[in-house]
>>> print(open('input_11.csv').read())   # CSV, C-alpha atoms
chain,number,residue,atom,x,y,z
E,1,MET,CA,34.6,-24.3,-26.3
E,2,ARG,CA,35.4,-27.9,-26.2
E,3,LYS,CA,32.3,-28.5,-24.1
E,4,ALA,CA,30.2,-26.7,-26.6
E,5,PHE,CA,31.7,-28.7,-29.4
E,6,PHE,CA,30.9,-32.0,-27.8
E,7,GLY,CA,27.4,-30.8,-26.7
E,8,TYR,CA,26.5,-29.9,-30.2
E,9,PHE,CA,28.2,-32.9,-31.7
E,10,SER,CA,26.4,-35.3,-29.4
E,11,THR,CA,23.0,-33.7,-30.2
E,12,VAL,CA,23.6,-34.3,-33.9
E,13,ILE,CA,24.8,-37.9,-33.3
E,14,ASN,CA,21.7,-38.6,-31.1
E,15,LEU,CA,19.6,-37.3,-34.0
E,16,LEU,CA,21.4,-39.6,-36.5
E,17,VAL,CA,21.0,-42.5,-34.1
E,18,ILE,CA,17.3,-41.9,-33.7
E,19,PHE,CA,16.9,-41.8,-37.5
E,20,ALA,CA,19.0,-45.0,-37.8
E,21,LEU,CA,17.0,-46.8,-35.1
E,22,MET,CA,13.8,-46.0,-36.9
E,23,GLY,CA,15.4,-48.1,-39.7
E,24,CYS,CA,14.5,-45.8,-42.6
E,25,HIS,CA,11.0,-47.3,-42.4
E,26,ASP,CA,7.8,-45.5,-43.2
E,27,LEU,CA,5.2,-44.7,-40.6
E,28,THR,CA,1.7,-44.4,-42.0
E,29,ILE,CA,-0.5,-42.2,-39.9
E,30,MET,CA,-3.6,-42.2,-42.2
E,31,GLU,CA,-4.2,-44.0,-45.5
E,32,ARG,CA,-7.8,-43.2,-46.6
E,33,PRO,CA,-9.0,-44.2,-50.1
E,34,TYR,CA,-12.3,-42.4,-50.6
E,35,GLN,CA,-14.8,-41.8,-53.4
E,36,ARG,CA,-16.7,-38.8,-54.5
E,37,LEU,CA,-20.0,-39.6,-56.3
E,38,LEU,CA,-21.6,-37.0,-58.5
E,39,ILE,CA,-25.1,-38.0,-59.5
E,40,SER,CA,-27.5,-36.0,-61.7
E,41,ASN,CA,-29.8,-38.7,-62.9
E,42,PHE,CA,-31.5,-41.3,-60.6
E,43,SER,CA,-33.3,-43.4,-63.3
E,44,ALA,CA,-31.1,-46.4,-62.5
E,45,PRO,CA,-29.4,-47.5,-59.2
E,46,LEU,CA,-25.8,-46.5,-59.0
E,47,ARG,CA,-23.4,-49.1,-57.4
E,48,THR,CA,-19.8,-48.5,-56.5
E,49,SER,CA,-17.4,-50.2,-54.1
E,50,LEU,CA,-14.4,-49.4,-52.0
E,51,PRO,CA,-11.6,-52.0,-52.2
E,52,PRO,CA,-10.3,-53.9,-49.1
E,53,TYR,CA,-9.0,-51.5,-46.4
E,54,ASN,CA,-5.3,-51.6,-45.7
E,55,GLY,CA,-5.4,-52.2,-41.9
E,56,LEU,CA,-8.4,-52.2,-39.7
E,57,PRO,CA,-10.9,-49.3,-39.9
E,58,THR,CA,-13.1,-48.1,-37.0
E,59,SER,CA,-15.7,-46.1,-38.8
E,60,LEU,CA,-17.6,-45.6,-42.1
E,61,THR,CA,-18.7,-42.1,-43.1
E,62,LEU,CA,-20.9,-40.7,-45.8
E,63,ARG,CA,-21.0,-36.9,-46.5
E,64,ILE,CA,-23.9,-35.7,-48.6
E,65,SER,CA,-24.6,-32.4,-50.3
E,66,GLY,CA,-27.2,-31.5,-53.0
E,67,THR,CA,-30.9,-31.2,-53.7
E,68,ILE,CA,-33.4,-34.0,-54.5
E,69,SER,CA,-37.1,-33.8,-55.4
E,70,LYS,CA,-38.0,-37.3,-54.3
E,71,PRO,CA,-36.6,-39.7,-51.6
E,72,VAL,CA,-33.3,-41.4,-52.4
E,73,ILE,CA,-32.1,-44.6,-50.6
E,74,LEU,CA,-28.5,-45.2,-49.7
E,75,THR,CA,-27.5,-48.8,-48.9
E,76,VAL,CA,-24.0,-50.0,-47.8
E,77,ASP,CA,-23.3,-53.7,-48.1
E,78,GLN,CA,-20.2,-55.6,-47.0
E,79,LEU,CA,-18.7,-57.9,-49.6
E,80,GLY,CA,-16.3,-60.9,-49.5
E,81,ASP,CA,-16.6,-61.8,-45.8
E,82,SER,CA,-17.1,-65.4,-44.6
E,83,GLN,CA,-20.6,-64.4,-43.7
E,84,GLY,CA,-21.2,-63.5,-47.4
E,85,ARG,CA,-22.8,-60.2,-48.5
E,86,TYR,CA,-24.7,-58.4,-45.9
E,87,MET,CA,-26.1,-54.9,-45.3
E,88,ILE,CA,-24.2,-52.6,-43.0
E,89,ARG,CA,-26.5,-49.6,-43.2
E,90,ARG,CA,-29.5,-48.2,-45.1
E,91,ASP,CA,-30.4,-44.5,-45.1
E,92,THR,CA,-33.4,-42.8,-46.8
E,93,LEU,CA,-32.8,-39.2,-47.8
E,94,ILE,CA,-36.1,-37.4,-47.8
E,95,ALA,CA,-36.6,-34.8,-50.6
E,96,GLY,CA,-34.9,-31.5,-49.9
E,97,THR,CA,-31.5,-29.8,-49.8
E,98,TYR,CA,-28.5,-31.3,-47.9
E,99,THR,CA,-25.3,-29.4,-47.1
E,100,ASP,CA,-22.5,-31.6,-46.0
E,101,LYS,CA,-24.8,-33.9,-44.1
E,102,ARG,CA,-22.7,-36.4,-42.3
E,103,LEU,CA,-23.8,-40.0,-41.7
E,104,THR,CA,-21.2,-42.0,-39.7
E,105,GLY,CA,-21.1,-45.3,-37.8
E,106,ASP,CA,-18.8,-47.9,-36.3
E,107,HIS,CA,-17.1,-50.2,-38.9
E,108,TYR,CA,-14.4,-52.7,-38.0
E,109,SER,CA,-14.0,-54.8,-41.2
E,110,SER,CA,-11.3,-54.4,-43.8
E,111,GLN,CA,-13.4,-56.2,-46.5
E,112,SER,CA,-14.7,-54.4,-49.6
E,113,VAL,CA,-17.9,-52.4,-49.1
E,114,GLU,CA,-20.5,-51.4,-51.8
E,115,LEU,CA,-22.7,-48.4,-51.8
E,116,THR,CA,-25.9,-48.4,-53.8
E,117,VAL,CA,-27.8,-45.1,-54.5
E,118,THR,CA,-31.4,-45.7,-55.6
E,119,GLY,CA,-33.8,-43.1,-56.6
E,120,THR,CA,-36.8,-43.2,-59.1
E,121,ASP,CA,-37.3,-42.2,-62.7
E,122,SER,CA,-39.0,-39.0,-61.6
E,123,THR,CA,-36.3,-38.0,-59.0
E,124,ALA,CA,-34.8,-34.7,-60.1
E,125,GLY,CA,-31.8,-32.8,-58.7
E,126,ASN,CA,-28.3,-33.9,-58.0
E,127,LEU,CA,-26.2,-35.3,-55.2
E,128,ILE,CA,-22.5,-35.3,-54.3
E,129,ILE,CA,-21.7,-38.1,-51.9
E,130,GLU,CA,-18.2,-38.6,-50.4
E,131,TRP,CA,-17.7,-41.8,-48.5
E,132,TYR,CA,-14.8,-43.5,-46.8
E,133,ARG,CA,-13.6,-45.7,-44.0
E,134,GLN,CA,-11.0,-44.8,-41.4
T,1,MET,CA,50.8,-19.7,-46.7
T,2,GLY,CA,50.6,-22.8,-44.6
T,3,THR,CA,47.6,-21.5,-42.8
T,4,THR,CA,45.8,-20.7,-46.1
T,5,LEU,CA,46.3,-24.2,-47.3
T,6,LEU,CA,45.1,-25.7,-44.1
T,7,ASN,CA,42.1,-23.6,-43.7
T,8,ALA,CA,39.0,-23.9,-45.8
T,9,GLN,CA,36.8,-20.8,-45.3
T,10,VAL,CA,37.3,-18.2,-42.6
T,11,PRO,CA,37.1,-20.0,-39.3
T,12,LYS,CA,36.2,-17.1,-37.0
T,13,ASN,CA,32.5,-18.0,-36.6
T,14,ARG,CA,31.7,-21.5,-35.9
T,15,ASN,CA,27.9,-21.5,-36.4
T,16,SER,CA,25.8,-20.5,-39.3
T,17,VAL,CA,22.1,-20.1,-40.1
T,18,ARG,CA,20.9,-20.6,-43.7
T,19,LEU,CA,17.7,-19.6,-45.4
T,20,GLY,CA,17.1,-21.0,-48.8
T,21,VAL,CA,14.7,-22.3,-51.4
T,22,ASP,CA,15.0,-25.6,-53.2
T,23,LEU,CA,13.3,-26.6,-56.4
T,24,THR,CA,12.1,-30.1,-55.3
T,25,SER,CA,10.7,-33.0,-57.2
T,26,LEU,CA,8.2,-35.3,-55.5
T,27,ASP,CA,6.7,-38.7,-56.4
T,28,ALA,CA,4.9,-37.6,-59.5
T,29,PRO,CA,6.3,-36.1,-62.7
T,30,ASP,CA,4.4,-32.8,-62.4
T,31,ALA,CA,4.9,-32.5,-58.7
T,32,VAL,CA,7.9,-30.1,-58.8
T,33,GLY,CA,7.9,-26.9,-56.7
T,34,PRO,CA,9.7,-24.7,-54.2
T,35,ARG,CA,10.6,-26.0,-50.8
T,36,TYR,CA,11.5,-23.4,-48.3
T,37,VAL,CA,14.4,-24.4,-46.0
T,38,GLY,CA,16.0,-23.2,-42.8
T,39,ARG,CA,19.3,-24.7,-41.6
T,40,LEU,CA,21.4,-24.5,-38.5
T,41,ALA,CA,25.0,-25.6,-38.9
T,42,ARG,CA,28.2,-26.0,-36.9
T,43,HIS,CA,31.6,-25.6,-38.6
T,44,PHE,CA,34.5,-27.8,-37.4
T,45,SER,CA,38.2,-28.2,-38.1
T,46,ASN,CA,38.7,-24.7,-39.6
T,47,ASP,CA,35.5,-25.0,-41.6
T,48,ARG,CA,36.5,-28.3,-43.2
T,49,PHE,CA,33.6,-30.2,-41.8
T,50,VAL,CA,30.0,-28.9,-41.4
T,51,VAL,CA,27.3,-30.6,-39.4
T,52,ALA,CA,23.9,-29.3,-40.3
T,53,ALA,CA,20.3,-29.8,-39.2
T,54,GLU,CA,17.6,-28.6,-41.6
T,55,GLY,CA,13.9,-28.1,-41.6
T,56,GLY,CA,11.7,-27.3,-44.6
T,57,TYR,CA,8.2,-26.9,-45.9
T,58,MET,CA,6.6,-27.5,-49.3
T,59,ASN,CA,3.1,-27.3,-50.6
T,60,LYS,CA,2.4,-28.2,-54.2
T,61,THR,CA,-1.0,-28.4,-55.9
T,62,THR,CA,-1.4,-29.7,-59.4
T,63,SER,CA,-4.6,-29.9,-61.5
T,64,ASN,CA,-5.9,-32.9,-63.3
T,65,PHE,CA,-7.6,-33.1,-66.7
T,66,PRO,CA,-11.3,-33.4,-66.5
T,67,PHE,CA,-12.8,-36.9,-66.6
T,68,ASN,CA,-15.7,-36.8,-69.0
T,69,ASP,CA,-15.9,-33.1,-68.5
T,70,VAL,CA,-16.1,-33.5,-64.7
T,71,ASP,CA,-13.3,-32.0,-62.6
T,72,PRO,CA,-11.8,-34.7,-60.4
T,73,GLY,CA,-10.2,-32.1,-58.1
T,74,PRO,CA,-6.6,-31.2,-57.7
T,75,ASN,CA,-3.7,-33.3,-56.4
T,76,GLN,CA,-2.5,-31.7,-53.1
T,77,ARG,CA,0.9,-32.6,-51.7
T,78,GLU,CA,2.4,-31.1,-48.6
T,79,ARG,CA,5.8,-31.9,-47.0
T,80,PHE,CA,7.3,-31.1,-43.6
T,81,THR,CA,11.0,-32.0,-44.0
T,82,ALA,CA,13.8,-32.7,-41.5
T,83,ASP,CA,17.3,-33.5,-42.5
T,84,ALA,CA,20.7,-34.1,-40.7
T,85,THR,CA,23.8,-33.8,-42.9
T,86,VAL,CA,27.5,-34.0,-42.5
T,87,LEU,CA,29.4,-32.1,-45.2
T,88,PHE,CA,33.1,-32.0,-46.1
T,89,ASP,CA,34.8,-29.1,-47.9
T,90,LEU,CA,37.1,-30.1,-50.8
T,91,LEU,CA,38.6,-26.7,-51.5
T,92,PRO,CA,41.6,-25.2,-49.6
T,93,HIS,CA,40.4,-21.7,-50.0
T,94,PRO,CA,39.3,-19.0,-47.4
T,95,HIS,CA,36.3,-17.7,-49.4
T,96,HIS,CA,35.1,-20.6,-51.5
T,97,ALA,CA,33.9,-24.0,-50.4
T,98,LEU,CA,32.8,-27.0,-52.5
T,99,ARG,CA,31.2,-29.4,-50.1
T,100,LEU,CA,30.1,-33.1,-50.4
T,101,GLY,CA,27.7,-34.4,-47.9
T,102,ALA,CA,25.5,-37.2,-46.8
T,103,GLY,CA,22.9,-37.7,-44.2
T,104,LEU,CA,19.5,-38.9,-43.1
T,105,SER,CA,16.1,-37.5,-43.9
T,106,ALA,CA,12.7,-37.7,-42.3
T,107,TRP,CA,9.9,-36.2,-44.3
T,108,TYR,CA,6.2,-36.1,-43.3
T,109,ARG,CA,3.8,-36.0,-46.2
T,110,ARG,CA,0.1,-35.0,-46.3
T,111,ASP,CA,-1.3,-36.0,-49.7
T,112,ASP,CA,-4.7,-35.9,-51.2
T,113,VAL,CA,-4.5,-37.2,-54.7
T,114,TYR,CA,-6.8,-38.3,-57.6
T,115,ARG,CA,-6.5,-42.1,-58.3
T,116,GLY,CA,-9.0,-42.6,-61.1
T,117,ALA,CA,-12.7,-42.4,-62.0
T,118,THR,CA,-15.6,-44.4,-63.4
T,119,ALA,CA,-18.7,-43.1,-65.2
T,120,LEU,CA,-22.2,-44.3,-65.8
T,121,LEU,CA,-23.0,-43.4,-69.4
T,122,THR,CA,-26.4,-43.3,-71.2
T,123,PRO,CA,-27.2,-42.1,-74.7
T,124,ALA,CA,-28.8,-39.0,-73.1
T,125,GLY,CA,-25.7,-38.0,-71.1
T,126,LEU,CA,-23.7,-38.7,-68.0
T,127,PRO,CA,-26.0,-39.6,-65.1
T,128,ALA,CA,-23.2,-40.3,-62.6
T,129,VAL,CA,-19.4,-40.1,-62.1
T,130,VAL,CA,-17.4,-41.8,-59.3
T,131,ILE,CA,-14.1,-40.1,-58.5
T,132,ASN,CA,-11.5,-42.3,-56.6
T,133,ARG,CA,-9.2,-40.3,-54.4
T,134,GLN,CA,-6.7,-41.1,-51.6
T,135,LYS,CA,-5.6,-39.2,-48.5
T,136,LEU,CA,-2.2,-40.2,-47.1
T,137,HIS,CA,-0.5,-39.0,-44.0
T,138,GLU,CA,2.9,-40.7,-43.6
T,139,LEU,CA,6.4,-40.2,-42.2
T,140,ASN,CA,9.0,-41.4,-44.7
T,141,MET,CA,12.5,-42.1,-43.6
T,142,GLY,CA,15.5,-42.2,-45.9
T,143,ALA,CA,19.0,-40.9,-46.7
T,144,HIS,CA,20.4,-38.2,-48.9
T,145,VAL,CA,23.6,-37.1,-50.6
T,146,ALA,CA,24.4,-33.5,-51.3
T,147,ILE,CA,26.9,-31.3,-53.1
T,148,GLU,CA,27.0,-27.5,-52.6
T,149,TYR,CA,29.2,-24.6,-53.6
T,150,ASP,CA,29.4,-21.8,-51.0
T,151,TRP,CA,30.9,-18.4,-51.5
T,152,LEU,CA,31.9,-16.4,-48.4
T,153,PHE,CA,31.7,-12.9,-49.8
T,154,ASN,CA,31.9,-11.2,-46.4
T,155,GLU,CA,33.2,-12.2,-43.0
T,156,ARG,CA,29.7,-13.2,-41.9
T,157,TRP,CA,27.7,-13.7,-45.1
T,158,SER,CA,27.8,-16.3,-47.8
T,159,ALA,CA,25.7,-17.5,-50.7
T,160,ASP,CA,25.4,-21.1,-51.9
T,161,VAL,CA,24.0,-23.2,-54.6
T,162,GLY,CA,23.6,-26.9,-54.3
T,163,PHE,CA,22.1,-30.1,-55.5
T,164,ARG,CA,20.7,-33.0,-53.4
T,165,LEU,CA,19.1,-36.4,-53.9
T,166,ALA,CA,17.1,-38.0,-51.2
T,167,ASP,CA,15.8,-41.6,-51.2
T,168,LEU,CA,12.6,-41.5,-49.1
T,169,SER,CA,11.5,-45.1,-49.2
T,170,LYS,CA,7.8,-45.3,-50.1
T,171,ALA,CA,7.8,-41.7,-51.2
T,172,GLY,CA,10.4,-42.4,-53.8
T,173,ILE,CA,13.5,-40.3,-54.8
T,174,SER,CA,13.3,-36.6,-54.6
T,175,SER,CA,15.9,-34.3,-56.2
T,176,MET,CA,16.5,-30.7,-55.1
T,177,LEU,CA,18.3,-27.8,-56.7
T,178,GLY,CA,18.6,-24.9,-54.4
T,179,VAL,CA,20.1,-21.6,-53.5
T,180,GLY,CA,20.5,-20.0,-50.1
T,181,VAL,CA,22.0,-17.3,-48.0
T,182,ASN,CA,24.1,-18.0,-44.9
T,183,TYR,CA,24.9,-15.9,-41.9
T,184,ARG,CA,27.7,-16.9,-39.5
T,185,PHE,CA,27.7,-16.2,-35.8
>>> encode(input="input_11.csv", output="structure tokens")
Amino acid sequence: MRKAFFGYFSTVINLLVIFALMGCHDLTIMERPYQRLLISNFSAPLRTSLPPYNGLPTSLTLRISGTISKPVILTVDQLGDSQGRYMIRRDTLIAGTYTDKRLTGDHYSSQSVELTVTGTDSTAGNLIIEWYRQ
Amino acid sequence: MGTTLLNAQVPKNRNSVRLGVDLTSLDAPDAVGPRYVGRLARHFSNDRFVVAAEGGYMNKTTSNFPFNDVDPGPNQRERFTADATVLFDLLPHPHHALRLGAGLSAWYRRDDVYRGATALLTPAGLPAVVINRQKLHELNMGAHVAIEYDWLFNERWSADVGFRLADLSKAGISSMLGVGVNYRF
């Protein structure tokens, strides 16, 4: 009985010590700010940016759903770097229907990035674009 | 008489298992919901001390008001909780226990929450809306204090009600009001 007492007691003490050694700190596994764009009119370019990333990302992803009648251009620029503003990627969506189309690529900068969605006056339809770094 | 005064609850079974549910508040005013909890405990010194290890799960989804008639999506908060607690019984009674306790907490959270939105407006309507959201997977460490009343209505079975406060660092302070059923073995 005494052995069982000390066995259980030491297990709990070990658990407490592990918690204490971790110092009551937080351990962030994933922190992903992301944006969801809902576009129903393409008469003017839409610009939106993601703020500086907390940490260092490894990829940038765009997920696209919706239907468009004319081509739409997606451009991603990096902002605020010592190299100034420069384009990371440019994709042209041909007219048609997209269902969770995933565009992804390497991305290792924590600076702000800006997405520009450009259609034409006569582009009809709507798009939902979700984009993020991680 | 002396034995009655020395003992707290009936000391025959030294271990207990508890199933309960806590009404738990999270880091947003509307994020309050049930957390389902399981607990294993060992009773020492004629039940005067209880050392407990506890695991729990909570999933709370709250809705947001539309932004310019566009639904920004719900706030989803999920918690996997682990707590280790030492409790002390204040009552010299074989069937009733009033325990004060303290311990350490490690809660893992998986959140997907709405952070704000921007709109592109024209006289003709709303051409575009940008919804800002955030996913967060994080282990938060902290400490908690607890008070619970436990009624041993049978040699093996008891029911309890308790209140607990946990300070979980970046995840803020959570309060819990709970009830449970214990089985001793």
>>> closest_residue(input="input_11.csv", among="T:Arg35, T:Lys60, T:Arg133, T:His96", to="T:Ser158", atoms="only C-alpha atoms")
T:His96
>>> interface_residues(input="input_11.csv", of="chain E", to="chain T", cutoff="6 Å", atoms="only C-alpha atoms", output="mmCIF file with C-alpha atoms, keeping the file's coordinate frame")
data_model
loop_
_atom_site.group_PDB
_atom_site.id
_atom_site.type_symbol
_atom_site.label_atom_id
_atom_site.label_comp_id
_atom_site.auth_asym_id
_atom_site.auth_seq_id
_atom_site.Cartn_x
_atom_site.Cartn_y
_atom_site.Cartn_z
ATOM 1 C CA CYS E 24 14.500 -45.800 -42.600
ATOM 2 C CA HIS E 25 11.000 -47.300 -42.400
ATOM 3 C CA ASP E 26 7.800 -45.500 -43.200
ATOM 4 C CA LEU E 27 5.200 -44.700 -40.600
ATOM 5 C CA THR E 28 1.700 -44.400 -42.000
ATOM 6 C CA ILE E 29 -0.500 -42.200 -39.900
ATOM 7 C CA MET E 30 -3.600 -42.200 -42.200
ATOM 8 C CA GLU E 31 -4.200 -44.000 -45.500
ATOM 9 C CA ARG E 32 -7.800 -43.200 -46.600
ATOM 10 C CA PRO E 33 -9.000 -44.200 -50.100
ATOM 11 C CA TYR E 34 -12.300 -42.400 -50.600
ATOM 12 C CA GLN E 35 -14.800 -41.800 -53.400
ATOM 13 C CA ARG E 36 -16.700 -38.800 -54.500
ATOM 14 C CA LEU E 37 -20.000 -39.600 -56.300
ATOM 15 C CA LEU E 38 -21.600 -37.000 -58.500
ATOM 16 C CA ILE E 39 -25.100 -38.000 -59.500
ATOM 17 C CA SER E 40 -27.500 -36.000 -61.700
ATOM 18 C CA ASN E 41 -29.800 -38.700 -62.900
#
>>> residues_around(input="input_11.csv", residues="E:Tyr98", least_positions_apart="4", cutoff="7 Å", atoms="only C-alpha atoms", output="PyMOL selection string")
chain E and resi 64-67
>>> write_last_selection(input="input_11.csv", atoms="C-alpha atoms", output="mmCIF file, in the coordinates of the input")
data_model
loop_
_atom_site.group_PDB
_atom_site.id
_atom_site.type_symbol
_atom_site.label_atom_id
_atom_site.label_comp_id
_atom_site.auth_asym_id
_atom_site.auth_seq_id
_atom_site.Cartn_x
_atom_site.Cartn_y
_atom_site.Cartn_z
ATOM 1 C CA ILE E 64 -23.900 -35.700 -48.600
ATOM 2 C CA SER E 65 -24.600 -32.400 -50.300
ATOM 3 C CA GLY E 66 -27.200 -31.500 -53.000
ATOM 4 C CA THR E 67 -30.900 -31.200 -53.700
#
>>> atom_distance(input="input_11.csv", atom1="atom CA of E:Glu130", atom2="atom CA of T:Phe65")
20.2 Å
>>> atom_distance(input="input_11.csv", atom1="atom CA of T:Met176", atom2="atom CA of T:Leu98")
16.9 Å
>>> atom_distance(input="input_11.csv", atom1="atom CA of E:Thr104", atom2="atom CA of E:Ile68")
20.8 Å
>>> residues_around(input="input_11.csv", residues="T:Phe88", least_positions_apart="5", cutoff="7 Å", atoms="all atoms listed in the file", output="list in words")
Arg48, Phe49, Val50, Arg99, Leu100 and Gly101 of chain T
>>> residues_around(input="input_11.csv", residues="stretch 56-60 of chain E", least_positions_apart="5", cutoff="7 Å", atoms="all atoms listed in the file", output="PDB file with C-alpha atoms, keeping the file's coordinate frame")
ATOM      1  CA  THR E 104     -21.200 -42.000 -39.700  1.00  0.00           C
ATOM      2  CA  GLY E 105     -21.100 -45.300 -37.800  1.00  0.00           C
ATOM      3  CA  ASP E 106     -18.800 -47.900 -36.300  1.00  0.00           C
ATOM      4  CA  HIS E 107     -17.100 -50.200 -38.900  1.00  0.00           C
ATOM      5  CA  TYR E 108     -14.400 -52.700 -38.000  1.00  0.00           C
ATOM      6  CA  SER E 109     -14.000 -54.800 -41.200  1.00  0.00           C
ATOM      7  CA  SER E 110     -11.300 -54.400 -43.800  1.00  0.00           C
ATOM      8  CA  TYR E 132     -14.800 -43.500 -46.800  1.00  0.00           C
ATOM      9  CA  ARG E 133     -13.600 -45.700 -44.000  1.00  0.00           C
ATOM     10  CA  GLN E 134     -11.000 -44.800 -41.400  1.00  0.00           C
TER      11      GLN E 134
END
>>> residues_around(input="input_11.csv", residues="E:Asp121", least_positions_apart="6", cutoff="8 Å", atoms="all atoms listed in the file", output="PyMOL selection string")
chain E and resi 42-44
>>> closest_residue(input="input_11.csv", among="T:Gly56, T:Ser45, T:Gly33, T:Leu121", to="T:Asn68", atoms="all atoms listed in the file")
T:Leu121
